[in-house]
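Asks: Before I ask anything, here is the structure I am working with.
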2 protein chains.
Amino acid sequence: MPGAMQDWTMRVTHVIDHAARESGSREIVTYWADGSETRTDWAGIRRDALKMAQALEAMGLKKGDKVATLAMNHSRHLVSWFGVAGMGGVLHTVNPRLFEDQLEYIVNHAEDRVLIYDAMFQPIVDKMRDRWPGVEHYICFDSGEHATAFEDWIGEQDGEYEWVQGDERDPCMICYTSGTTGNPKGVQYEHRSTILHAMAGMQPSALNCTAAAVFLPVVPMFHAASWGLPYAGAMAGLKFVFSAVNDPAVLDMLMKREEVTDSAGVPTVWLAHFQYCDKEGIDLPKLRTATIGGSAAPRFMIERLMKNGTRVQHAWGMTETSPIGTVGGPTADWDELSFEEKVAKTMKQGRAIFGVELRTVDLDDRSKVLPRDGETSGALQIRGPWVVKRYFKADEDAVDADGWFDTGDVGMLHPDGTLQLTDRTKDVIKSGGEWISSVELENAACGHPAVAEAACIGMAHPKWDERPVLFVVKKDGEECDDKGIIGFLSDKVAKWWLPDAVEFVDDIPHTATGKISKKDLRERFSDYRLPE
Amino acid sequence: MPGAMQDWTMRVTHVIDHAARESGSREIVTYWADGSETRTDWAGIRRDALKMAQALEAMGLKKGDKVATLAMNHSRHLVSWFGVAGMGGVLHTVNPRLFEDQLEYIVNHAEDRVLIYDAMFQPIVDKMRDRWPGVEHYICFDSGEHATAFEDWIGEQDGEYEWVQGDERDPCMICYTSGTTGNPKGVQYEHRSTILHAMAGMQPSALNCTAAAVFLPVVPMFHAASWGLPYAGAMAGLKFVFSAVNDPAVLDMLMKREEVTDSAGVPTVWLAHFQYCDKEGIDLPKLRTATIGGSAAPRFMIERLMKNGTRVQHAWGMTETSPIGTVGGPTADWDELSFEEKVAKTMKQGRAIFGVELRTVDLDDRSKVLPRDGETSGALQIRGPWVVKRYFKADEDAVDADGWFDTGDVGMLHPDGTLQLTDRTKDVIKSGGEWISSVELENAACGHPAVAEAACIGMAHPKWDERPVLFVVKKDGEECDDKGIIGFLSDKVAKWWLPDAVEFVDDIPHTATGKISKKDLRERFSDYRLPE
């Protein structure tokens with residue numbers, strides 16, 4: 001009997017309205033690229049978002065139009081999230097680290113009409129402008145030397161504005177995958193999926209967004225919606241500390257001065273932070289929780305943070321999943337675990353949050369669902385309300401008939417629901433009908449004192465189908481040979497996993513987001529032949 | 001562009017599926033009325049719910065049919081929440097403390113076809129059976145002396161069942177208000193509203209449902225959906241400890257033995273617990289959080305629990321609001337507050353959780369919205385996705401054109417969003433055009449050493465419209481007179497608030513839910529005339 005409870009369309013404008021109403025004076029701190037700092041609050045963010053929505057309409061933008069940002073984390077970028085959604089538009093957060101061809105493709109593919117950028121990305125804008133014929137307006141988040149300044153632009157409006165209404169399945173954001181093969185693909189986040197994702201993400205076993213939290217998200221707002229933090233944080237009315245630069249000295253200063261309780265980012269951020277504190281001979285900041293995603297945190301990083309009193313948790317997800325799929329929140333048995341057991345558990349990817357569902361299927365036969373036994377690895381699949389159904393402008397769904405999206409990850413599920421990732425489906429090596437994890441070989445090799453970086457790929461083999469070859473970059477001034485590496489690995493992986501060859505290289509190619517690009521490595525060694 | 005993200009109908013079957021899949025072995029402990037105990041887990045709850053859904057269909061029940069329960073908190077009651085919803089039915093949790101006329105009315109009004117009850121309520125069933133002509137089947141949650149036993153009933157099924165699908169706006173539960181005036185009114189909770197309410201309720205600043213929590217909900221499952229805890233707890237995969245009896249000795253034993261971290265209930269539960277521990281000379285259990293709702297906890301209760309290391313928080317809501325409106329979760333400034341300030345803050349009702357919106361309006365002119373200044377009292381109104389729109393079978397909406405539901409409470413909103421309740425609209429006393437809070441007068445009077453209970457009502461006055469009269473029950477063996485009471489009050493309330501008369505009575509009437517029944521008090525003293 002519909003109508004028993006109130007009608008309430010899930011629109012992200014509810015989120016900013018709530019934050020401004022219930023936590024209006026809670027601060028939003030920004031450290032800008034030029035070293036200056038500003039403070040606003042949730043009431044201020046909403047006020048500016050209303051003005052921005054007006055300014056966009058004044059430019060002639062209409063419901064459904066796309067507005068791109070090319071920006072780091074700061075309060076004006078946050079304003080644009082709610083301002084664009086509030087006028088019914090779709091925010092396209094462009095990753096400035098993409099290659100030029102990708103930048104050209106995605107802005108044109110999304111049909112962005114406005115682009116708002118940080119002054120530090122002026123060189124990108126200068127280079128790309130002619131290749132973005134559809135972009136009608138350029139606004140600069142900082143000063144207006146080359147374009148209208150954001151503050152001047154919205155300053156012309158009075159903020160007397162009513163949010164545009166619409167369907168809860170309307171898109172409010174579009175994020176593109178960084179796509180290691182083919183063109184990037186656009187994933188549209190809906191008002192509804194965004195709200196459900198943020199409500200699930202703020203729960204204590206996920207991002208634990210309390211009203212008292214002081215959150216410094218290092219994960220960029222241009223990367224998978226900054227894991228939904230701007231929305232979840234607004235729902236909780238927490239305090240945000242943003243830094244438009246990722247200099248560890250700045251992050252360290254902000255974390256200590258603002259008494260930051262929570263942070264979220266990729267592992268390399270912490271690597272730089274460790275190095276900075278060690279060099280300066282100072283303590284790490286005392287965070288309550290460090291959520292780490294993007295790639296797996298190494299054991300020593302987890303141990304060091306834990307010993308510093310910081311709870312570490314992996315979050316796993318991808319652009320296609322809004323992005324949160326799993327989070328390594330405290331499990332029921334947590335307090336009974338030894339330090340070693342806690343570290344071992346933290347190394348894994350955590351558990352599915354309410355809303356999404358995971359399964360693993362056989363790598364050779366995707367119709368065969370694998371047991372959750374903590375032993376059997378397979379292709380990881382996911383479904384749920386904040387998982388992609390169809391990429392933007394695609395002709396067909398990205399999921400199977402039952403809604404399962406194939407993540408491209410290889411992993412296993414444990415009986416308690418914990419996800420453990422082992423590889424990517426395109427990187428896992430098939431040898432004699434069995435699978436070898438390239439990532440596990442790389443991680444093991446990185447434990448060798450002379451290895452700076454290692455990448456493992458499968459090479460065609462007449463008898464075994466594929467065999468692993470390990471590419472190694474030596475640390476400066478360190479020496480080692482292939483026998484030494486193989487010997488080092490021999491008690492760490494199964495004998496039949498040992499690489500057929502170890503090749504020393506000066507560098508290993510990386511993607512725009514800093515991951516090892518095995519595609520480029522394979523191309524570079526396309527003529528490679530395994531030793532007899 | 002609908003279809004970018006996956007379709008996902010919000011049905012409460014997702015909740016039990018998630019709990020069984022991700023936290024299948026997490027325990028559900030029950031202490032039964034006969035003193036026995038059982039343990040099951042989330043996988044077991046789902047297995048039994050599937051069987052129950054089958055058993056209901058085998059009886060001929062169809063989608064939309066109502067199933068009533070007359071039961072305390074236990075694992076089989078929990079099964080029925082998901083079993084009924086899973087076959088597309090609507091669960092009607094009947095409050096066994098209602099008066100016979102109310103029991104007759106609500107079961108017939110809801111058109112319940114099945115009634116499942118605890119053996120302890122056999123006397124109610126025996127008395128009511130002839131007055132419930134529509135109830136076709138009686139099942140007993142305990143043994144089957146007078147009706148089929150629940151375990152036998154579902155034991156006939158194999159559990160091979162697919163949940164019934166449907167619209168997310170379908171109802172899954174109906175709860176009746178205890179209605180102090182007129183007949184009780186039915187509030188239907190929808191699948192959608194239930195999921196949104198539970199997702200909001202599990203957040204850290206509300207019920208803080210962590211995976212590691214061990215939750216003993218004292219609030220009955222027949223009272224406003226036990227504040228949504230069965231759903232929120234399933235989403236989190238926490239451990240539930242249920243007691244079918246509210247004996248403080250049992251609750252104390254369970255809390256200590258099972259290492260309960262969280263509890264929720266009305267203040268009187270803690271009063272009984274204090275008395276028990278004091279009598280036995282034992283410590284209170286060391287809970288992490290005690291959430292208190294239904295009525296306001298007195299200061300000494302808050303102080304004692306806080307000093308015992310337990311966070312106390314009020315939750316405010318009502319049957320019409322699913323029920324959570326506000327929760328007194330830790331605010332941003334919490335750590336900086338003194339103990340006294342923390343107590344003062346805890347005395348208030350907390351802040352609105354994301355999804356619902358509060359406002360206060362003038363008691364004389366409901367169109368006049370009052371400022372959130374922490375000073376101006378008015379009629380409290382609420383709206384949001386889990387707030388009633390229209391009562392079951394009602395001819396018109398229970399809300400105004402903008403969706404505002406008038407709660408019947410009187411209170412003020414503070415600038416930080418905190419709600420402070422002061423009275424009920426029907427009990428607040430209008431004197432000379434100004435409002436006197438009957439509740440504040442009662443609370444002040446209860447501080448007098450000789451006062452066991454006090455109730456204040458407004459009596460008609462030729463000049464002032466109404467003037468307060470205080471009815472007092474003396475403590476056994478204590479003596480006091482009207483002058484003593486007035487004198488005691490004179491430095492605690494404004495002079496013009498002082499009652500025109502104090503009347504000593506042997507008892508004060510109460511409602512079925514244990515609150516003071518001012519309606520009955522007014523009737524009893526309908527001939528009362530104020531002294532000249």
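Please note that chains go A, B, ... in the order of the structure tokens, that every chain numbers its residues from 1, and that ligands are numbered from 1 in the order shown.
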Please identify all residues of chain A having at least one atom at most 6 Å from any atom of chain B, considering only C-alpha atoms, and return them as a list in words.

Replies: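 Written out as asked, the residues are Met1, Pro2, Ala4, Met5, Gln6, Trp8, Glu22, Arg169, Asp170, Gln188, Gln203, Pro204, Ser205, Thr210, Ala211, Ala212, Met235, Thr331, Ala332, Phe354, Pro385, Trp386, Val387, Val388, Lys389, Arg390 and Gly417 of chain A.
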
Asks: So that I can see what lies close to Gln275 in chain B, please list as a list in words the residues with an atom at most 12 Å from it, counting only C-alpha atoms and leaving out residues fewer than 3 positions away in the same chain.

Replies: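 What passes the distance filter is Asp247, Pro248, Ala249, Asp252, Thr268, Val269, Trp270, Leu271, Ala272, Asp278, Lys279, Glu280, Gly281, Ile282, Asp283, Leu284 and Met301 of chain B.
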
Asks: List every residue of range 425-478 of chain A that DSSP, applied to the backbone, labels as strand (DSSP E), and write the result as a PyMOL selection string.

Replies: chain A and resi 429-431+434-436+451-461+465-474

Asks: From a DSSP pass on the backbone, collect the residues of range 179-406 of chain A flagged as alpha helix (DSSP H) and hand them back as a ChimeraX atom specification.

Replies: /A:191-201,229-236,248-257,267-280,299-307,339-347

Asks: Kindly export the residues of the current selection with C-alpha atoms, as an mmCIF file, in the first residue's frame.

Replies:
```
data_model
loop_
_atom_site.group_PDB
_atom_site.id
_atom_site.type_symbol
_atom_site.label_atom_id
_atom_site.label_comp_id
_atom_site.auth_asym_id
_atom_site.auth_seq_id
_atom_site.Cartn_x
_atom_site.Cartn_y
_atom_site.Cartn_z
ATOM 1 C CA HIS A 191 21.424 10.490 -6.913
ATOM 2 C CA ARG A 192 19.944 7.294 -5.466
ATOM 3 C CA SER A 193 23.073 5.176 -5.721
ATOM 4 C CA THR A 194 25.140 8.006 -4.254
ATOM 5 C CA ILE A 195 22.891 8.342 -1.204
ATOM 6 C CA LEU A 196 22.717 4.611 -0.540
ATOM 7 C CA HIS A 197 26.481 4.281 -1.014
ATOM 8 C CA ALA A 198 27.207 7.128 1.387
ATOM 9 C CA MET A 199 24.757 5.853 4.011
ATOM 10 C CA ALA A 200 26.421 2.445 3.855
ATOM 11 C CA GLY A 201 29.886 3.993 3.758
ATOM 12 C CA LEU A 229 33.529 10.801 1.572
ATOM 13 C CA PRO A 230 32.178 14.246 0.648
ATOM 14 C CA TYR A 231 28.645 12.831 0.889
ATOM 15 C CA ALA A 232 29.166 10.568 3.914
ATOM 16 C CA GLY A 233 31.026 13.352 5.709
ATOM 17 C CA ALA A 234 28.176 15.768 5.077
ATOM 18 C CA MET A 235 25.637 13.262 6.378
ATOM 19 C CA ALA A 236 27.662 12.935 9.576
ATOM 20 C CA PRO A 248 53.939 15.037 3.362
ATOM 21 C CA ALA A 249 55.202 18.041 5.324
ATOM 22 C CA VAL A 250 51.883 19.802 4.722
ATOM 23 C CA LEU A 251 49.803 16.714 5.467
ATOM 24 C CA ASP A 252 51.775 16.100 8.648
ATOM 25 C CA MET A 253 51.339 19.696 9.798
ATOM 26 C CA LEU A 254 47.604 19.649 9.065
ATOM 27 C CA MET A 255 47.040 16.295 10.741
ATOM 28 C CA LYS A 256 48.771 17.423 13.906
ATOM 29 C CA ARG A 257 47.460 20.966 14.107
ATOM 30 C CA PRO A 267 49.529 3.348 0.386
ATOM 31 C CA THR A 268 52.171 5.520 -1.291
ATOM 32 C CA VAL A 269 50.900 8.514 0.678
ATOM 33 C CA TRP A 270 51.930 6.819 3.885
ATOM 34 C CA LEU A 271 55.252 5.761 2.403
ATOM 35 C CA ALA A 272 56.077 9.412 1.764
ATOM 36 C CA HIS A 273 54.801 10.335 5.220
ATOM 37 C CA PHE A 274 57.056 7.748 6.892
ATOM 38 C CA GLN A 275 60.070 9.031 4.971
ATOM 39 C CA TYR A 276 59.279 12.606 5.915
ATOM 40 C CA CYS A 277 58.882 11.869 9.628
ATOM 41 C CA ASP A 278 62.008 9.711 9.677
ATOM 42 C CA LYS A 279 64.039 12.400 7.964
ATOM 43 C CA GLU A 280 62.770 15.066 10.339
ATOM 44 C CA ARG A 299 52.964 -5.384 5.853
ATOM 45 C CA PHE A 300 55.561 -3.016 7.316
ATOM 46 C CA MET A 301 53.247 -0.057 6.702
ATOM 47 C CA ILE A 302 50.345 -1.728 8.461
ATOM 48 C CA GLU A 303 52.567 -2.723 11.380
ATOM 49 C CA ARG A 304 54.042 0.715 11.793
ATOM 50 C CA LEU A 305 50.687 2.475 11.732
ATOM 51 C CA MET A 306 49.169 -0.056 14.116
ATOM 52 C CA LYS A 307 52.074 0.336 16.525
ATOM 53 C CA PHE A 339 49.136 -8.454 16.971
ATOM 54 C CA GLU A 340 50.339 -10.837 14.274
ATOM 55 C CA GLU A 341 46.826 -12.087 13.627
ATOM 56 C CA LYS A 342 45.546 -8.522 13.449
ATOM 57 C CA VAL A 343 48.188 -7.671 10.889
ATOM 58 C CA ALA A 344 47.370 -10.792 8.861
ATOM 59 C CA LYS A 345 43.675 -9.880 8.876
ATOM 60 C CA THR A 346 44.415 -6.254 7.996
ATOM 61 C CA MET A 347 46.442 -7.380 4.968
#
```

Asks: So how far away is CA of Trp496 in chain A from CA of Arg524 in chain A, in Å?

Replies: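 Computing it gives 25.7 Å between the two atoms.
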
Asks: Mind checking which residues fall within 7 Å of range 467-479 of chain A, counting only C-alpha atoms, ignoring those fewer than 5 positions away in the same chain, and posting them as a PDB file with all heavy atoms, in the first residue's frame?

Replies:
```
ATOM      1  N   ILE A 429      48.769 -15.918 -14.159  1.00  0.00           N
ATOM      2  CA  ILE A 429      49.526 -16.690 -15.152  1.00  0.00           C
ATOM      3  C   ILE A 429      49.060 -18.138 -15.144  1.00  0.00           C
ATOM      4  O   ILE A 429      49.024 -18.786 -14.095  1.00  0.00           O
ATOM      5  CB  ILE A 429      51.039 -16.596 -14.821  1.00  0.00           C
ATOM      6  CG1 ILE A 429      51.488 -15.134 -14.949  1.00  0.00           C
ATOM      7  CG2 ILE A 429      51.846 -17.518 -15.727  1.00  0.00           C
ATOM      8  CD1 ILE A 429      52.721 -14.810 -14.141  1.00  0.00           C
ATOM      9  N   SER A 431      49.625 -21.847 -15.968  1.00  0.00           N
ATOM     10  CA  SER A 431      50.730 -22.759 -16.240  1.00  0.00           C
ATOM     11  C   SER A 431      50.255 -24.188 -16.003  1.00  0.00           C
ATOM     12  O   SER A 431      49.908 -24.550 -14.882  1.00  0.00           O
ATOM     13  CB  SER A 431      51.895 -22.427 -15.314  1.00  0.00           C
ATOM     14  OG  SER A 431      52.925 -23.381 -15.451  1.00  0.00           O
ATOM     15  N   ALA A 450      67.863  -6.312  -2.384  1.00  0.00           N
ATOM     16  CA  ALA A 450      68.397  -5.549  -3.513  1.00  0.00           C
ATOM     17  C   ALA A 450      67.322  -5.152  -4.523  1.00  0.00           C
ATOM     18  O   ALA A 450      67.616  -4.485  -5.502  1.00  0.00           O
ATOM     19  CB  ALA A 450      69.484  -6.375  -4.222  1.00  0.00           C
ATOM     20  N   VAL A 451      66.075  -5.548  -4.258  1.00  0.00           N
ATOM     21  CA  VAL A 451      65.011  -5.301  -5.244  1.00  0.00           C
ATOM     22  C   VAL A 451      64.253  -4.009  -4.918  1.00  0.00           C
ATOM     23  O   VAL A 451      63.698  -3.870  -3.823  1.00  0.00           O
ATOM     24  CB  VAL A 451      64.029  -6.496  -5.290  1.00  0.00           C
ATOM     25  CG1 VAL A 451      62.830  -6.178  -6.191  1.00  0.00           C
ATOM     26  CG2 VAL A 451      64.753  -7.746  -5.789  1.00  0.00           C
ATOM     27  N   ALA A 452      64.240  -3.078  -5.857  1.00  0.00           N
ATOM     28  CA  ALA A 452      63.468  -1.841  -5.675  1.00  0.00           C
ATOM     29  C   ALA A 452      62.034  -2.045  -6.141  1.00  0.00           C
ATOM     30  O   ALA A 452      61.086  -1.590  -5.498  1.00  0.00           O
ATOM     31  CB  ALA A 452      64.121  -0.699  -6.452  1.00  0.00           C
ATOM     32  N   GLU A 453      61.853  -2.696  -7.248  1.00  0.00           N
ATOM     33  CA  GLU A 453      60.524  -2.941  -7.780  1.00  0.00           C
ATOM     34  C   GLU A 453      60.550  -4.207  -8.636  1.00  0.00           C
ATOM     35  O   GLU A 453      61.583  -4.533  -9.231  1.00  0.00           O
ATOM     36  CB  GLU A 453      60.077  -1.735  -8.631  1.00  0.00           C
ATOM     37  CG  GLU A 453      58.602  -1.787  -8.992  1.00  0.00           C
ATOM     38  CD  GLU A 453      58.092  -0.481  -9.610  1.00  0.00           C
ATOM     39  OE1 GLU A 453      58.909   0.272 -10.163  1.00  0.00           O
ATOM     40  OE2 GLU A 453      56.867  -0.238  -9.545  1.00  0.00           O
ATOM     41  N   ALA A 454      59.448  -4.913  -8.657  1.00  0.00           N
ATOM     42  CA  ALA A 454      59.398  -6.143  -9.448  1.00  0.00           C
ATOM     43  C   ALA A 454      58.048  -6.255 -10.121  1.00  0.00           C
ATOM     44  O   ALA A 454      57.021  -5.840  -9.573  1.00  0.00           O
ATOM     45  CB  ALA A 454      59.629  -7.362  -8.555  1.00  0.00           C
ATOM     46  N   ALA A 455      58.059  -6.786 -11.349  1.00  0.00           N
ATOM     47  CA  ALA A 455      56.808  -7.022 -12.075  1.00  0.00           C
ATOM     48  C   ALA A 455      56.902  -8.382 -12.740  1.00  0.00           C
ATOM     49  O   ALA A 455      57.938  -8.730 -13.310  1.00  0.00           O
ATOM     50  CB  ALA A 455      56.587  -5.936 -13.126  1.00  0.00           C
ATOM     51  N   CYS A 456      55.827  -9.120 -12.640  1.00  0.00           N
ATOM     52  CA  CYS A 456      55.849 -10.472 -13.174  1.00  0.00           C
ATOM     53  C   CYS A 456      54.781 -10.613 -14.250  1.00  0.00           C
ATOM     54  O   CYS A 456      53.621 -10.228 -14.035  1.00  0.00           O
ATOM     55  CB  CYS A 456      55.581 -11.453 -12.035  1.00  0.00           C
ATOM     56  SG  CYS A 456      55.730 -13.168 -12.518  1.00  0.00           S
ATOM     57  N   ILE A 457      55.158 -11.132 -15.412  1.00  0.00           N
ATOM     58  CA  ILE A 457      54.153 -11.400 -16.445  1.00  0.00           C
ATOM     59  C   ILE A 457      54.322 -12.817 -16.978  1.00  0.00           C
ATOM     60  O   ILE A 457      55.390 -13.414 -16.859  1.00  0.00           O
ATOM     61  CB  ILE A 457      54.202 -10.368 -17.605  1.00  0.00           C
ATOM     62  CG1 ILE A 457      55.589 -10.299 -18.233  1.00  0.00           C
ATOM     63  CG2 ILE A 457      53.755  -9.005 -17.137  1.00  0.00           C
ATOM     64  CD1 ILE A 457      55.664  -9.359 -19.439  1.00  0.00           C
ATOM     65  N   GLY A 458      53.244 -13.339 -17.536  1.00  0.00           N
ATOM     66  CA  GLY A 458      53.279 -14.681 -18.112  1.00  0.00           C
ATOM     67  C   GLY A 458      53.765 -14.612 -19.558  1.00  0.00           C
ATOM     68  O   GLY A 458      53.343 -13.743 -20.314  1.00  0.00           O
ATOM     69  N   MET A 459      54.700 -15.491 -19.919  1.00  0.00           N
ATOM     70  CA  MET A 459      55.194 -15.559 -21.290  1.00  0.00           C
ATOM     71  C   MET A 459      54.753 -16.893 -21.887  1.00  0.00           C
ATOM     72  O   MET A 459      54.729 -17.914 -21.202  1.00  0.00           O
ATOM     73  CB  MET A 459      56.727 -15.479 -21.303  1.00  0.00           C
ATOM     74  CG  MET A 459      57.260 -14.130 -20.871  1.00  0.00           C
ATOM     75  SD  MET A 459      56.877 -12.839 -22.104  1.00  0.00           S
ATOM     76  CE  MET A 459      57.738 -11.433 -21.358  1.00  0.00           C
ATOM     77  N   ALA A 460      54.420 -16.859 -23.194  1.00  0.00           N
ATOM     78  CA  ALA A 460      53.950 -18.083 -23.864  1.00  0.00           C
ATOM     79  C   ALA A 460      54.976 -19.196 -23.750  1.00  0.00           C
ATOM     80  O   ALA A 460      56.192 -18.969 -23.863  1.00  0.00           O
ATOM     81  CB  ALA A 460      53.669 -17.775 -25.332  1.00  0.00           C
ATOM     82  N   HIS A 461      54.463 -20.390 -23.498  1.00  0.00           N
ATOM     83  CA  HIS A 461      55.352 -21.542 -23.349  1.00  0.00           C
ATOM     84  C   HIS A 461      54.718 -22.710 -24.092  1.00  0.00           C
ATOM     85  O   HIS A 461      53.510 -22.962 -23.946  1.00  0.00           O
ATOM     86  CB  HIS A 461      55.505 -21.880 -21.857  1.00  0.00           C
ATOM     87  CG  HIS A 461      56.544 -22.921 -21.587  1.00  0.00           C
ATOM     88  ND1 HIS A 461      56.326 -24.264 -21.791  1.00  0.00           N
ATOM     89  CD2 HIS A 461      57.828 -22.809 -21.139  1.00  0.00           C
ATOM     90  CE1 HIS A 461      57.415 -24.940 -21.462  1.00  0.00           C
ATOM     91  NE2 HIS A 461      58.361 -24.080 -21.067  1.00  0.00           N
ATOM     92  N   PRO A 499      59.796 -18.338 -11.199  1.00  0.00           N
ATOM     93  CA  PRO A 499      59.898 -17.797 -12.564  1.00  0.00           C
ATOM     94  C   PRO A 499      60.899 -18.587 -13.414  1.00  0.00           C
ATOM     95  O   PRO A 499      61.909 -19.052 -12.908  1.00  0.00           O
ATOM     96  CB  PRO A 499      60.406 -16.375 -12.346  1.00  0.00           C
ATOM     97  CG  PRO A 499      60.109 -16.043 -10.923  1.00  0.00           C
ATOM     98  CD  PRO A 499      60.114 -17.336 -10.182  1.00  0.00           C
ATOM     99  N   ASP A 500      60.601 -18.718 -14.685  1.00  0.00           N
ATOM    100  CA  ASP A 500      61.529 -19.358 -15.605  1.00  0.00           C
ATOM    101  C   ASP A 500      62.729 -18.464 -15.879  1.00  0.00           C
ATOM    102  O   ASP A 500      63.768 -18.947 -16.309  1.00  0.00           O
ATOM    103  CB  ASP A 500      60.824 -19.694 -16.932  1.00  0.00           C
ATOM    104  CG  ASP A 500      60.078 -21.014 -16.830  1.00  0.00           C
ATOM    105  OD1 ASP A 500      59.726 -21.401 -15.686  1.00  0.00           O
ATOM    106  OD2 ASP A 500      59.838 -21.658 -17.878  1.00  0.00           O
ATOM    107  N   ALA A 501      62.545 -17.171 -15.663  1.00  0.00           N
ATOM    108  CA  ALA A 501      63.651 -16.232 -15.890  1.00  0.00           C
ATOM    109  C   ALA A 501      63.458 -14.980 -15.046  1.00  0.00           C
ATOM    110  O   ALA A 501      62.322 -14.611 -14.725  1.00  0.00           O
ATOM    111  CB  ALA A 501      63.730 -15.852 -17.372  1.00  0.00           C
ATOM    112  N   VAL A 502      64.583 -14.378 -14.678  1.00  0.00           N
ATOM    113  CA  VAL A 502      64.564 -13.074 -14.011  1.00  0.00           C
ATOM    114  C   VAL A 502      65.325 -12.115 -14.905  1.00  0.00           C
ATOM    115  O   VAL A 502      66.469 -12.392 -15.286  1.00  0.00           O
ATOM    116  CB  VAL A 502      65.220 -13.145 -12.619  1.00  0.00           C
ATOM    117  CG1 VAL A 502      65.224 -11.771 -11.966  1.00  0.00           C
ATOM    118  CG2 VAL A 502      64.514 -14.161 -11.736  1.00  0.00           C
ATOM    119  N   GLU A 503      64.687 -11.031 -15.301  1.00  0.00           N
ATOM    120  CA  GLU A 503      65.330 -10.049 -16.179  1.00  0.00           C
ATOM    121  C   GLU A 503      65.483  -8.736 -15.425  1.00  0.00           C
ATOM    122  O   GLU A 503      64.532  -8.254 -14.816  1.00  0.00           O
ATOM    123  CB  GLU A 503      64.483  -9.820 -17.450  1.00  0.00           C
ATOM    124  CG  GLU A 503      64.189 -11.069 -18.262  1.00  0.00           C
ATOM    125  CD  GLU A 503      65.442 -11.664 -18.909  1.00  0.00           C
ATOM    126  OE1 GLU A 503      66.463 -10.934 -19.043  1.00  0.00           O
ATOM    127  OE2 GLU A 503      65.398 -12.866 -19.257  1.00  0.00           O
ATOM    128  N   PHE A 504      66.678  -8.182 -15.461  1.00  0.00           N
ATOM    129  CA  PHE A 504      66.922  -6.909 -14.776  1.00  0.00           C
ATOM    130  C   PHE A 504      66.716  -5.759 -15.749  1.00  0.00           C
ATOM    131  O   PHE A 504      67.232  -5.780 -16.869  1.00  0.00           O
ATOM    132  CB  PHE A 504      68.328  -6.902 -14.176  1.00  0.00           C
ATOM    133  CG  PHE A 504      68.459  -7.937 -13.090  1.00  0.00           C
ATOM    134  CD1 PHE A 504      68.923  -9.221 -13.376  1.00  0.00           C
ATOM    135  CD2 PHE A 504      68.066  -7.651 -11.792  1.00  0.00           C
ATOM    136  CE1 PHE A 504      68.995 -10.190 -12.379  1.00  0.00           C
ATOM    137  CE2 PHE A 504      68.143  -8.623 -10.795  1.00  0.00           C
ATOM    138  CZ  PHE A 504      68.607  -9.894 -11.087  1.00  0.00           C
ATOM    139  N   VAL A 505      65.914  -4.774 -15.331  1.00  0.00           N
ATOM    140  CA  VAL A 505      65.590  -3.640 -16.194  1.00  0.00           C
ATOM    141  C   VAL A 505      65.838  -2.333 -15.428  1.00  0.00           C
ATOM    142  O   VAL A 505      65.922  -2.334 -14.192  1.00  0.00           O
ATOM    143  CB  VAL A 505      64.109  -3.691 -16.660  1.00  0.00           C
ATOM    144  CG1 VAL A 505      63.892  -4.845 -17.635  1.00  0.00           C
ATOM    145  CG2 VAL A 505      63.175  -3.817 -15.471  1.00  0.00           C
ATOM    146  N   ASP A 506      65.973  -1.267 -16.169  1.00  0.00           N
ATOM    147  CA  ASP A 506      66.230   0.036 -15.541  1.00  0.00           C
ATOM    148  C   ASP A 506      64.957   0.647 -14.960  1.00  0.00           C
ATOM    149  O   ASP A 506      65.002   1.427 -14.014  1.00  0.00           O
ATOM    150  CB  ASP A 506      66.834   1.009 -16.568  1.00  0.00           C
ATOM    151  CG  ASP A 506      68.247   0.588 -16.960  1.00  0.00           C
ATOM    152  OD1 ASP A 506      68.879  -0.144 -16.156  1.00  0.00           O
ATOM    153  OD2 ASP A 506      68.685   0.961 -18.048  1.00  0.00           O
ATOM    154  N   ASP A 507      63.841   0.320 -15.551  1.00  0.00           N
ATOM    155  CA  ASP A 507      62.584   0.870 -15.048  1.00  0.00           C
ATOM    156  C   ASP A 507      61.438  -0.027 -15.461  1.00  0.00           C
ATOM    157  O   ASP A 507      61.557  -0.822 -16.404  1.00  0.00           O
ATOM    158  CB  ASP A 507      62.363   2.277 -15.608  1.00  0.00           C
ATOM    159  CG  ASP A 507      62.090   2.232 -17.087  1.00  0.00           C
ATOM    160  OD1 ASP A 507      63.064   2.039 -17.876  1.00  0.00           O
ATOM    161  OD2 ASP A 507      60.919   2.359 -17.482  1.00  0.00           O
TER     162      ASP A 507
END
```
